[in-house]
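*Asks:* Sharing entry_27.cif, mmCIF, C-alpha atoms:
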```cif
data_coords
loop_
_atom_site.label_atom_id
_atom_site.label_comp_id
_atom_site.auth_asym_id
_atom_site.auth_seq_id
_atom_site.Cartn_x
_atom_site.Cartn_y
_atom_site.Cartn_z
CA MET A 21 -2.64 -60.07 -20.78
CA ARG A 22 -1.31 -57.52 -23.20
CA LYS A 23 -4.91 -56.77 -24.28
CA LEU A 24 -5.93 -56.32 -20.67
CA ARG A 25 -3.09 -53.87 -20.13
CA LEU A 26 -4.16 -51.94 -23.20
CA VAL A 27 -7.71 -51.74 -21.84
CA PHE A 28 -6.40 -50.47 -18.51
CA ALA A 29 -4.27 -47.92 -20.30
CA LEU A 30 -7.25 -46.73 -22.35
CA VAL A 31 -9.47 -46.56 -19.27
CA ALA A 32 -6.79 -44.58 -17.50
CA LEU A 33 -6.44 -42.27 -20.47
CA CYS A 34 -10.21 -41.68 -20.65
CA ALA A 35 -10.34 -41.12 -16.90
CA THR A 36 -7.58 -38.52 -17.06
CA ALA A 37 -9.12 -36.93 -20.15
CA SER A 38 -12.49 -36.53 -18.46
CA ILE A 39 -10.95 -34.66 -15.56
CA GLY A 40 -8.57 -32.84 -17.85
CA ASP A 41 -10.23 -29.54 -17.16
CA ALA A 42 -9.63 -29.84 -13.45
CA GLN A 43 -6.12 -31.22 -13.67
CA TRP A 44 -4.14 -29.44 -16.30
CA LEU A 45 -1.60 -31.43 -18.18
CA SER A 46 -2.12 -35.00 -17.19
CA ILE A 47 0.59 -36.97 -18.92
CA PRO A 48 0.94 -40.58 -17.73
CA LEU A 49 4.66 -40.65 -16.91
CA PRO A 50 6.59 -43.90 -17.34
CA GLY A 51 8.08 -45.30 -14.15
CA THR A 52 5.04 -44.36 -12.11
CA PRO A 53 3.67 -47.31 -10.12
CA ARG A 54 -0.09 -47.63 -10.65
CA THR A 55 -3.06 -49.18 -8.95
CA PRO A 56 -5.27 -51.51 -11.06
CA ASP A 57 -7.50 -48.57 -12.03
CA GLY A 58 -4.50 -46.85 -13.63
CA LYS A 59 -4.06 -44.14 -11.00
CA PRO A 60 -0.58 -43.40 -9.65
CA ASN A 61 0.09 -45.49 -6.56
CA LEU A 62 1.46 -42.85 -4.24
CA ASN A 63 1.83 -45.37 -1.41
CA ALA A 64 4.20 -47.59 -3.42
CA PRO A 65 7.75 -47.88 -2.06
CA ALA A 66 10.24 -45.13 -2.88
CA PRO A 67 12.04 -45.89 -6.16
CA LYS A 68 15.75 -46.68 -6.18
CA ALA A 69 18.47 -45.17 -8.33
CA ALA A 70 21.00 -47.37 -10.19
CA ASP A 71 23.39 -47.11 -7.22
CA GLY A 72 20.75 -48.53 -4.88
CA LYS A 73 20.10 -45.22 -3.11
CA PRO A 74 16.56 -43.83 -2.97
CA ASP A 75 15.74 -41.77 -6.06
CA LEU A 76 14.31 -38.41 -5.04
CA SER A 77 13.40 -37.42 -8.60
CA GLY A 78 9.91 -36.12 -9.17
CA ILE A 79 7.72 -33.04 -9.07
CA TRP A 80 7.00 -32.07 -5.47
CA LYS A 81 4.97 -29.48 -3.63
CA ALA A 82 4.77 -28.64 0.06
CA ASP A 83 1.56 -29.90 1.68
CA SER A 84 1.04 -26.62 3.53
CA MET A 85 1.87 -22.93 3.25
CA ARG A 86 2.77 -22.77 6.91
CA TYR A 87 6.47 -23.64 6.43
CA ASN A 88 6.68 -20.85 3.87
CA ASP A 89 5.39 -18.43 6.51
CA ASN A 90 7.49 -19.79 9.34
CA LEU A 91 10.09 -22.55 9.19
CA LEU A 92 9.90 -23.33 12.88
CA PRO A 93 7.67 -25.93 14.52
CA PRO A 94 4.44 -24.23 15.72
CA GLY A 95 4.79 -22.58 19.11
CA THR A 96 8.57 -22.29 19.02
CA ASP A 97 10.88 -19.34 18.46
CA ALA A 98 14.24 -19.07 16.75
CA PRO A 99 17.14 -18.13 19.07
CA MET A 100 17.66 -14.74 17.41
CA LEU A 101 20.38 -12.33 18.50
CA PRO A 102 18.93 -8.92 19.45
CA TRP A 103 19.59 -7.24 16.07
CA ALA A 104 18.04 -10.20 14.23
CA ALA A 105 14.98 -10.05 16.50
CA GLU A 106 14.60 -6.36 15.61
CA VAL A 107 14.76 -7.08 11.87
CA TYR A 108 12.28 -9.91 12.28
CA LYS A 109 9.87 -7.77 14.30
CA HIS A 110 9.93 -5.04 11.66
CA ARG A 111 9.26 -7.55 8.89
CA VAL A 112 6.31 -9.08 10.74
CA GLU A 113 4.86 -5.66 11.58
CA THR A 114 5.06 -4.56 7.94
CA MET A 115 3.48 -7.82 6.80
CA GLY A 116 6.52 -8.80 4.78
CA TYR A 117 5.81 -6.28 2.05
CA GLU A 118 9.55 -5.89 1.39
CA ARG A 119 10.23 -9.57 1.01
CA PRO A 120 12.52 -10.38 -1.93
CA MET A 121 9.64 -11.88 -3.93
CA THR A 122 7.99 -8.46 -4.09
CA TYR A 123 10.91 -7.53 -6.33
CA CYS A 124 10.73 -10.89 -8.13
CA MET A 125 13.84 -12.11 -6.35
CA PRO A 126 13.53 -15.75 -5.33
CA HIS A 127 12.92 -17.43 -2.02
CA GLY A 128 16.09 -18.79 -0.42
CA VAL A 129 17.37 -21.99 1.14
CA PRO A 130 15.29 -23.77 2.19
CA ASP A 131 12.06 -21.84 1.66
CA ALA A 132 12.27 -21.94 -2.15
CA PHE A 133 10.90 -25.46 -1.64
CA THR A 134 7.82 -24.29 0.22
CA PRO A 135 5.68 -21.80 -1.76
CA PRO A 136 2.44 -23.16 -3.24
CA MET A 137 4.27 -23.90 -6.47
CA PRO A 138 6.05 -27.13 -7.35
CA PHE A 139 9.70 -27.92 -7.85
CA LYS A 140 11.28 -30.74 -9.81
CA MET A 141 14.16 -32.82 -8.46
CA ILE A 142 16.35 -34.56 -11.00
CA GLN A 143 18.78 -37.00 -9.41
CA THR A 144 21.76 -37.97 -11.56
CA PRO A 145 24.90 -39.90 -10.50
CA GLY A 146 27.08 -36.83 -9.88
CA GLU A 147 24.58 -34.10 -9.24
CA THR A 148 21.04 -33.51 -8.09
CA ILE A 149 19.34 -30.61 -9.81
CA VAL A 150 16.34 -28.76 -8.44
CA LEU A 151 14.18 -26.75 -10.81
CA PHE A 152 11.89 -24.32 -9.06
CA GLU A 153 8.78 -23.41 -11.02
CA GLU A 154 8.59 -20.08 -9.18
CA PHE A 155 10.57 -17.52 -11.19
CA HIS A 156 12.34 -20.28 -13.21
CA LYS A 157 15.19 -20.76 -10.72
CA TYR A 158 17.43 -23.74 -10.07
CA ARG A 159 19.82 -25.21 -7.53
CA GLN A 160 22.74 -27.59 -8.14
CA ILE A 161 23.66 -30.09 -5.44
CA HIS A 162 27.00 -31.71 -6.22
CA THR A 163 27.29 -35.39 -5.30
CA ASP A 164 30.54 -36.30 -7.07
CA GLY A 165 32.58 -36.29 -3.88
CA ARG A 166 33.85 -32.74 -4.08
CA LYS A 167 34.26 -30.65 -0.95
CA GLN A 168 32.87 -27.21 -0.27
CA PRO A 169 35.11 -24.59 -1.91
CA GLU A 170 37.24 -22.72 0.65
CA ASP A 171 36.20 -19.25 -0.45
CA PRO A 172 33.05 -19.51 -2.56
CA ASP A 173 31.79 -16.40 -4.27
CA PRO A 174 28.70 -15.45 -2.26
CA ALA A 175 25.52 -16.67 -3.96
CA TRP A 176 21.79 -16.34 -3.27
CA TYR A 177 21.44 -20.14 -2.92
CA GLY A 178 25.01 -20.69 -1.68
CA TYR A 179 27.09 -23.67 -2.78
CA SER A 180 25.64 -27.13 -2.13
CA VAL A 181 27.29 -30.51 -1.70
CA GLY A 182 25.26 -33.66 -1.05
CA ARG A 183 25.98 -37.07 0.43
CA TRP A 184 24.01 -40.11 1.60
CA GLU A 185 23.67 -41.19 5.21
CA GLY A 186 21.78 -44.47 4.83
CA ASP A 187 18.55 -43.56 3.06
CA THR A 188 18.83 -39.86 3.97
CA PHE A 189 20.17 -37.38 1.43
CA VAL A 190 22.16 -34.77 3.37
CA VAL A 191 22.92 -31.46 1.69
CA ASP A 192 25.41 -28.99 3.19
CA THR A 193 25.27 -25.47 1.85
CA ALA A 194 27.48 -22.46 2.61
CA GLY A 195 28.71 -19.36 0.80
CA PHE A 196 25.46 -17.43 1.00
CA LYS A 197 25.07 -13.85 -0.09
CA GLY A 198 24.14 -11.76 2.91
CA SER A 199 25.20 -8.66 4.77
CA GLY A 200 25.95 -8.52 8.47
CA ASP A 201 22.60 -6.91 9.22
CA GLY A 202 20.60 -9.56 7.38
CA LYS A 203 19.24 -7.00 4.94
CA GLU A 204 20.97 -8.39 1.86
CA GLY A 205 20.19 -11.79 0.39
CA SER A 206 17.28 -14.12 0.94
CA TRP A 207 14.89 -14.38 3.87
CA LEU A 208 14.74 -17.77 5.58
CA ASP A 209 10.93 -17.66 5.43
CA ASN A 210 8.15 -15.26 4.51
CA ASN A 211 7.76 -14.00 8.07
CA GLY A 212 11.31 -12.77 7.67
CA HIS A 213 13.82 -14.72 9.77
CA PRO A 214 17.06 -13.08 8.62
CA HIS A 215 20.44 -14.61 7.87
CA THR A 216 23.94 -13.35 7.18
CA ASP A 217 26.84 -14.52 5.02
CA ALA A 218 27.85 -16.82 7.90
CA LEU A 219 24.80 -19.02 7.26
CA LYS A 220 25.33 -22.74 6.82
CA THR A 221 22.38 -25.01 6.20
CA THR A 222 22.12 -28.79 6.44
CA GLU A 223 19.11 -30.22 4.65
CA ARG A 224 18.07 -33.82 5.28
CA PHE A 225 15.75 -35.32 2.66
CA ARG A 226 14.00 -38.63 3.11
CA ARG A 227 11.64 -40.12 0.53
CA ILE A 228 9.04 -41.86 2.67
CA ASN A 229 7.32 -43.58 -0.25
CA PHE A 230 6.56 -42.87 -3.89
CA GLY A 231 4.26 -39.99 -3.04
CA ARG A 232 5.95 -38.31 -0.10
CA LEU A 233 9.26 -36.61 0.63
CA ASP A 234 10.26 -35.16 4.01
CA LEU A 235 12.83 -32.46 4.72
CA GLU A 236 14.41 -31.20 7.91
CA VAL A 237 16.76 -28.26 7.84
CA GLU A 238 19.33 -27.14 10.38
CA ILE A 239 20.09 -23.42 10.34
CA ASN A 240 23.50 -22.44 11.64
CA ASP A 241 24.28 -18.73 11.49
CA PRO A 242 26.31 -17.60 14.53
CA LYS A 243 26.09 -13.95 13.42
CA ALA A 244 22.28 -14.00 13.64
CA TYR A 245 21.38 -16.82 16.09
CA SER A 246 22.78 -17.80 19.47
CA ARG A 247 22.76 -21.50 18.55
CA PRO A 248 21.86 -23.73 15.57
CA TRP A 249 18.15 -24.50 15.24
CA LYS A 250 16.01 -26.90 13.25
CA SER A 251 13.04 -26.32 11.01
CA ASP A 252 9.78 -28.15 11.40
CA THR A 253 9.65 -31.35 9.34
CA ILE A 254 8.48 -30.20 5.93
CA HIS A 255 6.25 -32.62 4.04
CA PHE A 256 6.16 -32.64 0.24
CA LEU A 257 3.59 -34.49 -1.83
CA LEU A 258 4.37 -35.81 -5.30
CA MET A 259 2.45 -34.25 -8.19
CA PRO A 260 2.21 -37.26 -10.49
CA ASP A 261 1.76 -37.30 -14.25
CA THR A 262 2.37 -33.60 -14.81
CA GLU A 263 5.15 -31.14 -15.54
CA LEU A 264 6.39 -27.70 -14.58
CA MET A 265 5.03 -24.60 -16.27
CA GLU A 266 6.36 -21.14 -16.94
CA HIS A 267 6.44 -18.57 -14.16
CA LEU A 268 8.38 -15.45 -15.11
CA CYS A 269 8.00 -12.04 -13.58
CA GLU A 270 6.60 -10.23 -16.60
CA ASN A 271 3.78 -8.20 -15.08
CA ASN A 272 4.60 -7.18 -11.51
CA ARG A 273 1.71 -4.79 -10.86
CA ASP A 274 2.00 -5.35 -7.10
CA LEU A 275 5.36 -3.68 -6.61
CA GLN A 276 4.27 -0.09 -7.13
CA SER A 277 1.15 -0.42 -5.00
CA LEU A 278 3.07 -2.05 -2.14
CA GLN A 279 5.86 0.52 -2.23
CA GLU A 280 3.44 3.44 -2.32
CA TYR A 281 1.21 2.14 0.46
CA TRP A 282 3.95 1.04 2.87
CA GLY A 283 6.33 3.85 1.90
CA LYS A 284 3.80 6.38 3.19
CA LYS A 285 3.47 4.52 6.48
CA LYS A 286 7.21 4.77 7.24
CA MET B 24 -26.68 -19.39 13.98
CA ARG B 25 -26.00 -22.06 11.42
CA THR B 26 -25.75 -19.32 8.81
CA ARG B 27 -23.14 -17.54 10.89
CA VAL B 28 -21.05 -20.68 11.13
CA ALA B 29 -21.40 -21.19 7.38
CA ILE B 30 -20.30 -17.63 6.77
CA ALA B 31 -17.35 -18.06 9.13
CA VAL B 32 -16.29 -21.28 7.39
CA ALA B 33 -16.71 -19.68 3.96
CA GLY B 34 -14.66 -16.71 5.11
CA MET B 35 -11.96 -18.95 6.41
CA SER B 36 -11.71 -20.95 3.19
CA LEU B 37 -11.65 -17.72 1.20
CA ALA B 38 -8.90 -16.37 3.39
CA LEU B 39 -6.96 -19.56 2.81
CA ALA B 40 -7.55 -19.33 -0.93
CA GLY B 41 -6.13 -15.83 -0.79
CA ARG B 42 -3.09 -17.11 1.02
CA ALA B 43 -2.32 -19.36 -1.91
CA LEU B 44 -0.64 -16.45 -3.66
CA ALA B 45 2.99 -17.32 -4.19
CA HIS B 46 4.49 -14.03 -5.14
CA HIS B 47 4.11 -11.03 -2.84
CA SER B 48 2.65 -10.84 0.65
CA PHE B 49 -1.16 -11.13 0.35
CA THR B 50 -1.84 -9.43 3.67
CA ALA B 51 0.47 -6.51 2.88
CA GLU B 52 -1.45 -5.65 -0.28
CA PHE B 53 -5.03 -6.75 0.39
CA ASP B 54 -7.30 -6.50 3.41
CA ALA B 55 -9.17 -9.73 4.15
CA SER B 56 -11.63 -7.71 6.27
CA LYS B 57 -12.70 -5.60 3.29
CA PRO B 58 -14.78 -7.86 1.07
CA VAL B 59 -16.42 -6.51 -2.05
CA THR B 60 -18.79 -8.17 -4.52
CA LEU B 61 -19.11 -6.55 -7.94
CA THR B 62 -20.75 -7.39 -11.26
CA GLY B 63 -19.49 -5.89 -14.49
CA THR B 64 -18.29 -6.36 -18.04
CA VAL B 65 -14.78 -7.63 -18.67
CA THR B 66 -12.67 -4.95 -20.39
CA LYS B 67 -9.21 -6.58 -20.26
CA VAL B 68 -7.55 -9.86 -19.26
CA GLU B 69 -3.81 -10.00 -18.54
CA TRP B 70 -2.95 -13.71 -18.59
CA THR B 71 0.52 -13.08 -17.16
CA ASN B 72 2.99 -14.03 -14.46
CA PRO B 73 3.50 -13.69 -11.61
CA HIS B 74 -0.22 -12.85 -11.43
CA THR B 75 -3.13 -12.84 -13.80
CA TRP B 76 -5.18 -9.63 -13.73
CA PHE B 77 -8.55 -8.84 -15.21
CA PHE B 78 -10.59 -5.66 -15.31
CA ILE B 79 -14.32 -5.03 -15.36
CA ASP B 80 -16.49 -1.96 -15.89
CA VAL B 81 -19.00 -1.63 -13.05
CA LYS B 82 -22.03 0.63 -13.30
CA ASN B 83 -22.48 2.75 -10.19
CA PRO B 84 -25.92 3.65 -8.77
CA ASP B 85 -25.52 7.21 -10.16
CA GLY B 86 -25.00 5.87 -13.67
CA SER B 87 -21.24 6.46 -13.82
CA VAL B 88 -18.87 3.60 -14.61
CA THR B 89 -15.82 2.52 -12.60
CA ASN B 90 -13.13 0.19 -13.91
CA TRP B 91 -12.04 -2.32 -11.27
CA GLY B 92 -8.90 -4.50 -11.42
CA PHE B 93 -8.67 -7.97 -9.91
CA GLU B 94 -5.64 -10.07 -9.15
CA MET B 95 -5.61 -13.86 -9.38
CA PRO B 96 -2.83 -16.46 -9.22
CA GLY B 97 -0.53 -16.83 -12.22
CA PRO B 98 -1.42 -18.92 -15.29
CA ALA B 99 0.27 -22.10 -13.99
CA GLN B 100 -1.87 -22.19 -10.85
CA LEU B 101 -5.00 -21.24 -12.80
CA LEU B 102 -4.40 -23.89 -15.47
CA ARG B 103 -4.05 -26.51 -12.75
CA ALA B 104 -7.34 -25.24 -11.29
CA GLY B 105 -9.06 -25.75 -14.63
CA LEU B 106 -9.02 -22.23 -16.06
CA LYS B 107 -7.72 -21.33 -19.49
CA ARG B 108 -6.55 -18.07 -21.02
CA ASP B 109 -9.95 -17.66 -22.71
CA THR B 110 -12.14 -18.70 -19.77
CA MET B 111 -12.92 -14.98 -19.36
CA LYS B 112 -13.19 -12.84 -22.48
CA VAL B 113 -13.64 -9.14 -23.07
CA GLY B 114 -17.37 -8.45 -23.08
CA ASP B 115 -18.26 -11.28 -20.65
CA VAL B 116 -20.34 -10.24 -17.65
CA VAL B 117 -18.99 -11.65 -14.40
CA THR B 118 -19.61 -11.36 -10.69
CA VAL B 119 -16.48 -11.19 -8.57
CA ASP B 120 -16.17 -11.74 -4.85
CA ALA B 121 -12.92 -10.09 -3.82
CA ARG B 122 -10.85 -8.48 -1.05
CA ARG B 123 -9.99 -4.83 -1.54
CA ALA B 124 -6.50 -3.39 -1.80
CA ARG B 125 -5.20 -1.61 1.28
CA ASP B 126 -4.24 1.44 -0.77
CA GLY B 127 -7.90 2.28 -1.38
CA SER B 128 -7.57 1.91 -5.16
CA ASN B 129 -10.15 0.09 -7.26
CA ASN B 130 -8.01 -3.02 -7.15
CA ALA B 131 -8.88 -6.19 -5.32
CA ASN B 132 -7.86 -9.82 -4.99
CA ALA B 133 -10.44 -12.11 -6.61
CA GLN B 134 -11.65 -14.98 -4.44
CA THR B 135 -14.41 -16.27 -6.71
CA VAL B 136 -15.50 -15.36 -10.23
CA THR B 137 -18.91 -16.39 -11.56
CA ALA B 138 -20.39 -15.97 -15.04
CA ALA B 139 -23.35 -13.62 -14.46
CA ASN B 140 -25.55 -15.14 -17.17
CA SER B 141 -25.12 -18.85 -16.51
CA GLY B 142 -24.13 -18.77 -12.86
CA GLN B 143 -21.17 -20.99 -13.72
CA ARG B 144 -18.31 -20.74 -11.24
CA LEU B 145 -15.22 -19.85 -13.22
CA PHE B 146 -12.72 -19.53 -10.38
CA GLY B 147 -12.50 -20.27 -6.67
CA GLY B 148 -14.94 -21.84 -4.29
CA ALA B 149 -12.66 -24.84 -4.15
CA PRO B 150 -8.96 -24.90 -3.42
CA PRO B 151 -7.42 -23.53 -6.65
CA GLY B 152 -5.25 -26.49 -7.49
CA GLN B 153 -3.72 -26.42 -4.05
#
```
In structure tokens, write the structure found in this file.

*Replies:*
Amino acid sequence: MRKLRLVFALVALCATASIGDAQWLSIPLPGTPRTPDGKPNLNAPAPKAADGKPDLSGIWKADSMRYNDNLLPPGTDAPMLPWAAEVYKHRVETMGYERPMTYCMPHGVPDAFTPPMPFKMIQTPGETIVLFEEFHKYRQIHTDGRKQPEDPDPAWYGYSVGRWEGDTFVVDTAGFKGSGDGKEGSWLDNNGHPHTDALKTTERFRRINFGRLDLEVEINDPKAYSRPWKSDTIHFLLMPDTELMEHLCENNRDLQSLQEYWGKKK
Amino acid sequence: MRTRVAIAVAGMSLALAGRALAHHSFTAEFDASKPVTLTGTVTKVEWTNPHTWFFIDVKNPDGSVTNWGFEMPGPAQLLRAGLKRDTMKVGDVVTVDARRARDGSNNANAQTVTAANSGQRLFGGAPPGQ
């Protein structure tokens, strides 16, 4: 039996080596359920943490760019207050050239999860850490029972506290950096839905199986929207047997060209 | 007719490939309706984040030479798509299918890169690791 396992392991290794050129960095990670041919079994049940809760750890990537463009379900609009609608219209008309990423500032909550670059979730007993490959950023989600601070110092990603509701990991975040006109701080998505410092988000994560994680986000910002609204259900697919790579903003050639071109159009 | 459909489908997949940029707004900087195909000699490769850039010297019909710059995804996305930092070297002759910058400069966003001598596809034509 042990010999057979060794053969499988070798076959798997050869298989991954032969496609090594197409799939950079294929490292068979322990704890990955596998089919008899050695491939990761992405349909296996979601793993459990020591406390019996689902373990969300893994490297994930959104299955589509569309959430990054627009958080809302297709064909729906966010209930923007008039000033927010004006900001949004301007951002759409100028093709989002001013978005924070142009200046190598990160995406926000929740759209840092949705660019075509992966993130790594590391679930520990008192804290879940998210490492974003894009720009080498991270989020901390405290799960040690603490409450939201009463007067958090405003932060790009806010202050996050997580809890479990059954098999759903619920993350409440507040204390975002943002001015009253939505011009400071992150954008909610690339199209440019704005937010203010009154923003509160509730993210609901559910690991469907080993290979898939779903997220729904409620946006509550009474200074920018007439009522709370929900994002589309965002699907993430696991990237098995790999790791994050470096992505620093060392050569931002785009900035000057974008500023010059769109600056003239103003 | 079939050709037209094929062109439309190819255009669509190229547009989607272009959308895979993570950093700035693709549409704000490049114009998907301005395709350009150029062959030239690689003069410089910047294997850097957030985007890799490479430059080629292109001979014009009048004999003059123009240096063109092309943007691609960053190294992480390229590595996952099978490229390496030495896939393209200074002196290599490549053919690039690209979308021109809106600012009218000699910059463009590379959609596919092919080695001119061997015809080997070096980048694009399939979802780049997405």

*Asks:* Would you work out the distance separating CA of Gly198 in chain A from CA of Pro242 in chain A, expressed in Å to one decimal?

*Replies:*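 Rounded to one decimal, the two atoms are 13.2 Å apart.
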
*Asks:* With all atoms listed in the file as the counted atoms, please give the residues lying no more than 12 Å from Gly205 in chain A, apart from itself and same-chain residues fewer than 6 positions off, as a PyMOL selection string.

*Replies:* chain A and resi 119-121+125-129+174-178+195-199+212-219

*Asks:* Select, as a ChimeraX atom specification, those residues of chain B with any atom no more than 10 Å from chain A (distances computed using all atoms listed in the file).

*Replies:* /B:39,42-53,69-76,94,97-107,124-128,130,151-153

*Asks:* Find the spatial neighbours of Gly147 in chain B, counting only C-alpha atoms, within a cut-off of 7 Å - ignore same-chain residues fewer than 5 positions away - and output them as a list of chain:residue names.

*Replies:*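 Residues near the query, excluding close chain neighbours: B:Gln134, B:Thr135, B:Val136.
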
*Asks:* Check which residues satisfy the PyMOL selection byres ((chain B and resi 114) around 6) in the file shown, then give them as number ranges by chain.

*Replies:* B: 64-65, 113, 115

*Asks:* How would the residues just picked look written out with C-alpha atoms as an mmCIF file, in the coordinates of the input?

*Replies:*
```cif
data_model
loop_
_atom_site.group_PDB
_atom_site.id
_atom_site.type_symbol
_atom_site.label_atom_id
_atom_site.label_comp_id
_atom_site.auth_asym_id
_atom_site.auth_seq_id
_atom_site.Cartn_x
_atom_site.Cartn_y
_atom_site.Cartn_z
ATOM 1 C CA THR B 64 -18.290 -6.360 -18.040
ATOM 2 C CA VAL B 65 -14.780 -7.630 -18.670
ATOM 3 C CA VAL B 113 -13.640 -9.140 -23.070
ATOM 4 C CA ASP B 115 -18.260 -11.280 -20.650
#
```

*Asks:* Between CA of Gln143 in chain B and CA of Gly92 in chain B, what distance in Å does the model show, to one decimal?

*Replies:*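 Taking CA of Gln143 in chain B as the start and CA of Gly92 in chain B as the end point, the length is 20.7 Å.
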
*Asks:* Run the PyMOL selection byres ((chain A and resi 227) around 10) mentally over the shown coordinates, then write out the matched residues as a PyMOL selection string, using the chain letters and numbers from the document.

*Replies:* chain A and resi 65-67+74-77+187-189+225-226+228-235+255-256

*Asks:* Could you dump the residues just selected with C-alpha atoms as an mmCIF file, keeping the file's coordinate frame?

*Replies:*
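Heads up, here's the output in result_30.cif:
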```cif
data_model
loop_
_atom_site.group_PDB
_atom_site.id
_atom_site.type_symbol
_atom_site.label_atom_id
_atom_site.label_comp_id
_atom_site.auth_asym_id
_atom_site.auth_seq_id
_atom_site.Cartn_x
_atom_site.Cartn_y
_atom_site.Cartn_z
ATOM 1 C CA PRO A 65 7.750 -47.880 -2.060
ATOM 2 C CA ALA A 66 10.240 -45.130 -2.880
ATOM 3 C CA PRO A 67 12.040 -45.890 -6.160
ATOM 4 C CA PRO A 74 16.560 -43.830 -2.970
ATOM 5 C CA ASP A 75 15.740 -41.770 -6.060
ATOM 6 C CA LEU A 76 14.310 -38.410 -5.040
ATOM 7 C CA SER A 77 13.400 -37.420 -8.600
ATOM 8 C CA ASP A 187 18.550 -43.560 3.060
ATOM 9 C CA THR A 188 18.830 -39.860 3.970
ATOM 10 C CA PHE A 189 20.170 -37.380 1.430
ATOM 11 C CA PHE A 225 15.750 -35.320 2.660
ATOM 12 C CA ARG A 226 14.000 -38.630 3.110
ATOM 13 C CA ILE A 228 9.040 -41.860 2.670
ATOM 14 C CA ASN A 229 7.320 -43.580 -0.250
ATOM 15 C CA PHE A 230 6.560 -42.870 -3.890
ATOM 16 C CA GLY A 231 4.260 -39.990 -3.040
ATOM 17 C CA ARG A 232 5.950 -38.310 -0.100
ATOM 18 C CA LEU A 233 9.260 -36.610 0.630
ATOM 19 C CA ASP A 234 10.260 -35.160 4.010
ATOM 20 C CA LEU A 235 12.830 -32.460 4.720
ATOM 21 C CA HIS A 255 6.250 -32.620 4.040
ATOM 22 C CA PHE A 256 6.160 -32.640 0.240
#
```

*Asks:* Any idea what the distance is between CA of Phe77 in chain B and CA of Phe93 in chain B?

*Replies:* 5.4 Å

*Asks:* For Tyr87 in chain A, which residue among A:Leu62, A:Ile239, A:Ile161, A:Leu208 is the nearest when counting all atoms listed in the file?

*Replies:*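 Checking each of A:Leu62, A:Ile239, A:Ile161, A:Leu208 against Tyr87 in chain A, counting all atoms listed in the file, the winner is A:Leu208.
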
*Asks:* Extract, using all atoms listed in the file, all DNA, RNA and protein residues at most 6 Å from Thr193 in chain A, discarding same-chain residues fewer than 5 positions from it, and format them as a list in words.

*Replies:*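 In the requested format, the answer is Gly178, Tyr179, Ser180, Lys220 and Thr221 of chain A.
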
*Asks:* Do a neighbour search on Arg166 in chain A at 10 Å with only C-alpha atoms, toss out local chain neighbours closer than 4 positions, and write the hits as a list in words.

*Replies:*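 The filter keeps Gly146, His162, Val181 and Gly182 of chain A.
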
*Asks:* Take the PyMOL selection byres ((chain B and resi 119) around 9), run it mentally on this structure, and tell me the resulting residues as a list of chain:residue names.

*Replies:*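 Output of the PyMOL selection byres ((chain B and resi 119) around 9): B:Val59, B:Thr60, B:Leu61, B:Thr62, B:Gly63, B:Phe93, B:Val117, B:Thr118, B:Asp120, B:Ala121, B:Ala133, B:Gln134, B:Thr135, B:Val136, B:Thr137, B:Ala138.
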
*Asks:* Find the residues with any atom within 12 Å of (24.5, -32.4, -11.7); use all atoms listed in the file and the coordinates as given in the file, and write the answer as a ChimeraX atom specification.

*Replies:* /A:141-151,158-165,180-182
